[in-house]
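**Student:** Quick one: this structure, given as C-alpha cells, is what I'll be asking you about.
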Amino acid sequence: MHEVQRFSFLFIKFFFFKLKEQLLLSSMGIKAALPKYEVYFYSSVLALAVVWATFWISEVSSSSVSRKTFKASLKPGYFGRKMDTADFEWMMWFSTFRSHILFALSGHVLFAKICSVLAPQYRSLVHMVYGLLAVLTSMGWTYIALVLSHCILLYSVSLVKIRWLCFVTGLCTLTTFKCEPFVSWQAGLVEGDFELRHVLFYGGCGFTIMRCMSFALENCERKDGNYTILELLKYNFYLPFFYFGPIMTFDNFYAQANKSDLSRKETEMWNIRLQGLIHLGVIIMVDIFFHFLYILTIPADMKLLKHLSDWALVGVAYFTLVYDWIKAAVMFGVISTVSQLDHLDPPKPPKCITMLYVFAETHFDRGINDWLCKYVYNYLGGRHDGVLEELLATLCTYSIVILWLGPSQVVLLWAFFNCLGLNFELWTSKVSSMEPFVSYEAAMSEAMSRRVRAVFNTFNFWSIVLYNSVALNSLEFAKLVAKRLLLKGFPVTTIVVMFVTYCLVQVIKELERRRALIDDPDPLPPAPTVNAATGPTASTTPPAAAQPEADPNREKAE
C-alpha cells in the first residue's frame with residue numbers, strides 16, 4: 001500500500017506540473033505548417049533515437065539469455081536464437097492453436113460463400129447455425145445451455161423496455177463471472193480439460209453479455225414492436241466475433257447482416273486481399289522481432305531492470321505498448337477481414353500508441369470503445385463540454401471497464417489515472433479558453449503555437465505511456481520507469497527523452513496536417529472574371545467576401 005501511495009504522489013506531481021504549463025494553451029487549427037527542414041530534422045532525430053534504443057534492448061536481450069527468469073519464456077526458435085514466448089495470447093493465435101483457429105474460420109468462410117451464392121436471404125441464419133455447431137464442438141452442450149440462459153434472461157428483460165433495468169441486469173450478469181462462488185459454479189458446467197477451455201469460456205461469456213446488453217438497449221429504443229429472439233441469436237453466435245470480439249453494436253450488425261444488396265465496390269476484394277497479406281507480413285515480422293528483442297520477458301525481471309541503461313528502460317516501456325497495439329490490430333484485423341467477406345463493416349483497428357498524445361483517443365479495442373461511447377459515455381456526457389457531466393460520464397464508463405477487466409489493484413489504478421487524464425484535458429481546455437491565455441496564443445504565429453502545444457503534448461504522451469504500463473506490465477515496472485525518467489535521470493535523461501518525444505509529437509502533427517489537407521482541402525482563391533472589353537480582370541468581390549471565414553467546427557479540438 002505504501003508503494004501505491006508513493007506512485008500516486010509521483011504522478012499527481014506530474015499532473016500539476018502539466019496543469020501549470022498547459023494553462024497557456026487555447027485552440028489552434030490542425031493545418032498549421034512548419035518549415036520542411038524542421039520536420040525533416042524531427043524525423044531524423046526520432047529515427048536515430050528508435051535505432052539507438054533498439055540497439056540497447058538487443059544488447060540486453062543477448063546478454064541475459066542464461067538468466068533463470070528467462071528460461072521459462074524463451075524457447076528454441078530460428079536463426080540459431082531463442083524466441084520470446086511470454087505472451088500467451090500471441091502464441092495461442094499464431095503458434096499453439098493456429099491450425100484450430102484457421103480451420104474454424106476457413107469453414108465459416110466456405111459455408112458463408114456457398115450460402116451467399118445459393119440462398120443469400122438466409123446467410124445470417126447459416127452464420128448462426130455454423131457458429132452454434134462450432135461452439136458446441138469446442139465447448140460442449142452445457143456451455144451452449146449456459147450462454148443461451150444469459151441470452152434468454154436479457155431478452156426477457158428487454159421486452160419491458162426500461163433502459164436502466166437492462167443495464168442493471170446486464171452488469172449483474174457480468175458480475176457473476178468476476179466473483180465467487182458464481183465463477184466456479186458456471187465454469188464447472190463446461191466439459192473438457194483442453195488448454196484453451198479457460199480462455200474460450202470467459203471470452204465467449206463476457207462478449208455474449210455485452211452483445212446481449214447492446215441488443216436489449218437497442219430494443220428499448222425501438223418504437224414499434226420488439227426484435228425477435230432469433231435476431232439476438234444470429235447476432236450473438238456469429239462465430240468470428242463470438243469468442244474474441246470485436247463487438248459490433250446490435251443496430252450496426254442488424255442493418256448490415258440483413259441488407260439485400262450484396263454487391264461490392266470495384267476495389268473492395270483487392271483491399272480485403274491486401275489486408276490479409278499485410279496481417280501475414282506483420283505476424284512474420286513480430287515473430288522475427290521476438291528472436292532479437294525480448295521485450296515481454298525483460299519487464300518481469302526487476303533485478304535486471306534496475307541495472308538497465310536509461311535508454312533501454314525507456315525503450316522497453318515504449319516498445320511493450322507498441323507491441324500490444326500491434327497484437328490488438330492483428331488479432332482484430334484477422335477477424336475483421338473474415339467479417340468483411342460476409343459484407344460486414346467491423347470496428348476499425350485501434351489507433352497506434354505512437355500516434356496518441358491525448359487521452360480522448362486512447363483505446364486498444366475500438367469495439368468496446370464504440371460500445372461504451374454509445375451507451376454510456378456519450379449518453380451521459382452529451383456534448384462533453386460540461387465539467388460535471390463529463391466527470392459523471394467518465395466515472396460510469398471506467399466503472400464498467402473495471403468490471404469488464406475484473407477488479408484488481410492494477411486495474412483500479414490504471415482506470416483512476418486514465419479517468420483523471422480524460423477529465424484533465426477538459427479542465428485545461430476550459431481554463432485555456434479564458435483570458436489572458438487566449439490573447440497570449442493569438443499573439444503567436446500558427447507555427448509557434450504548434451511548437452508550444454507540442455511541448456506540453458510531450459508530457460501528455462508520457463502520461464499515457466506510464467499509465468498504460470501499469471496495466472500491461474506491472475506497478476513496479478511503471479514506478480521504476482517514472483523514477484528513472486523524472487527523478488534519478490534528471491536533468492540529462494529527462495531532457496533528452498522529452499526532446500525525442502517532442503520530435504515524435506511534431507511528426508504526428510505533421511501526418512495529421514497532411515491527412516486534414518486531403519480530407520478537407522483549403523478553398524482555392526476566386527478565379528478572375530473575364531470582361532469582353534478589358535480582358536481578364538480581378539474579381540469585383542471584396543477580399544473579405546471572397547474567402548468565407550473557416551468554420552471552427554471543422555477544426556480539430558485538441
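Ligands are numbered from 1 in the order shown, chains are lettered A, B, ... in the order of the C-alpha cells, and residues start at 1 in each chain.
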Would you mind writing down, as a VMD selection string, each residue of range 20-245 of chain A that DSSP on the backbone assigns to helix (DSSP H, G or I)?
**Tutor:** chain A and resid 20 to 22 36 to 63 68 to 71 88 to 96 98 to 118 120 to 139 141 to 158 163 to 175 182 to 187 197 to 221 229 to 236 239 to 242
**Student:** May I have the residues within 8 Å of range 466-469 of chain A as a ChimeraX atom specification, using only C-alpha atoms and disregarding those fewer than 6 positions away in the same chain?
**Tutor:** /A:317,321,414,417-418,475,477-478,481-482
**Student:** Pick out the closest residue to Arg515 in chain A from this set: A:Lys31, A:Lys374, A:Lys71, A:His279. Count only C-alpha atoms.
**Tutor:** A:Lys31
**Student:** Could you tell me which of A:Ile209, A:Ala257, A:Ala312, A:Ala187 comes closest to Val168 in chain A if we count only C-alpha atoms?
**Tutor:**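 Nearest candidate to Val168 in chain A out of A:Ile209, A:Ala257, A:Ala312, A:Ala187: A:Ile209.
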**Student:** Restrict the calculation to only C-alpha atoms, then for each residue of range 247-317 of chain A with any atom at most 10 Å from an atom of range 226-235 of chain A give the closest atom pair and their distance in Å to one decimal, rows by chain and rising residue number, as JSON lines.
**Tutor:**
```
{"residue": "A:Met248", "atom": "CA", "partner": "A:Tyr235", "partner_atom": "CA", "distance": 9.1}
{"residue": "A:Thr249", "atom": "CA", "partner": "A:Tyr235", "partner_atom": "CA", "distance": 9.4}
{"residue": "A:Phe250", "atom": "CA", "partner": "A:Tyr235", "partner_atom": "CA", "distance": 7.1}
{"residue": "A:Phe253", "atom": "CA", "partner": "A:Tyr235", "partner_atom": "CA", "distance": 7.0}
{"residue": "A:Tyr254", "atom": "CA", "partner": "A:Tyr235", "partner_atom": "CA", "distance": 7.5}
{"residue": "A:Ala257", "atom": "CA", "partner": "A:Tyr235", "partner_atom": "CA", "distance": 8.8}
```
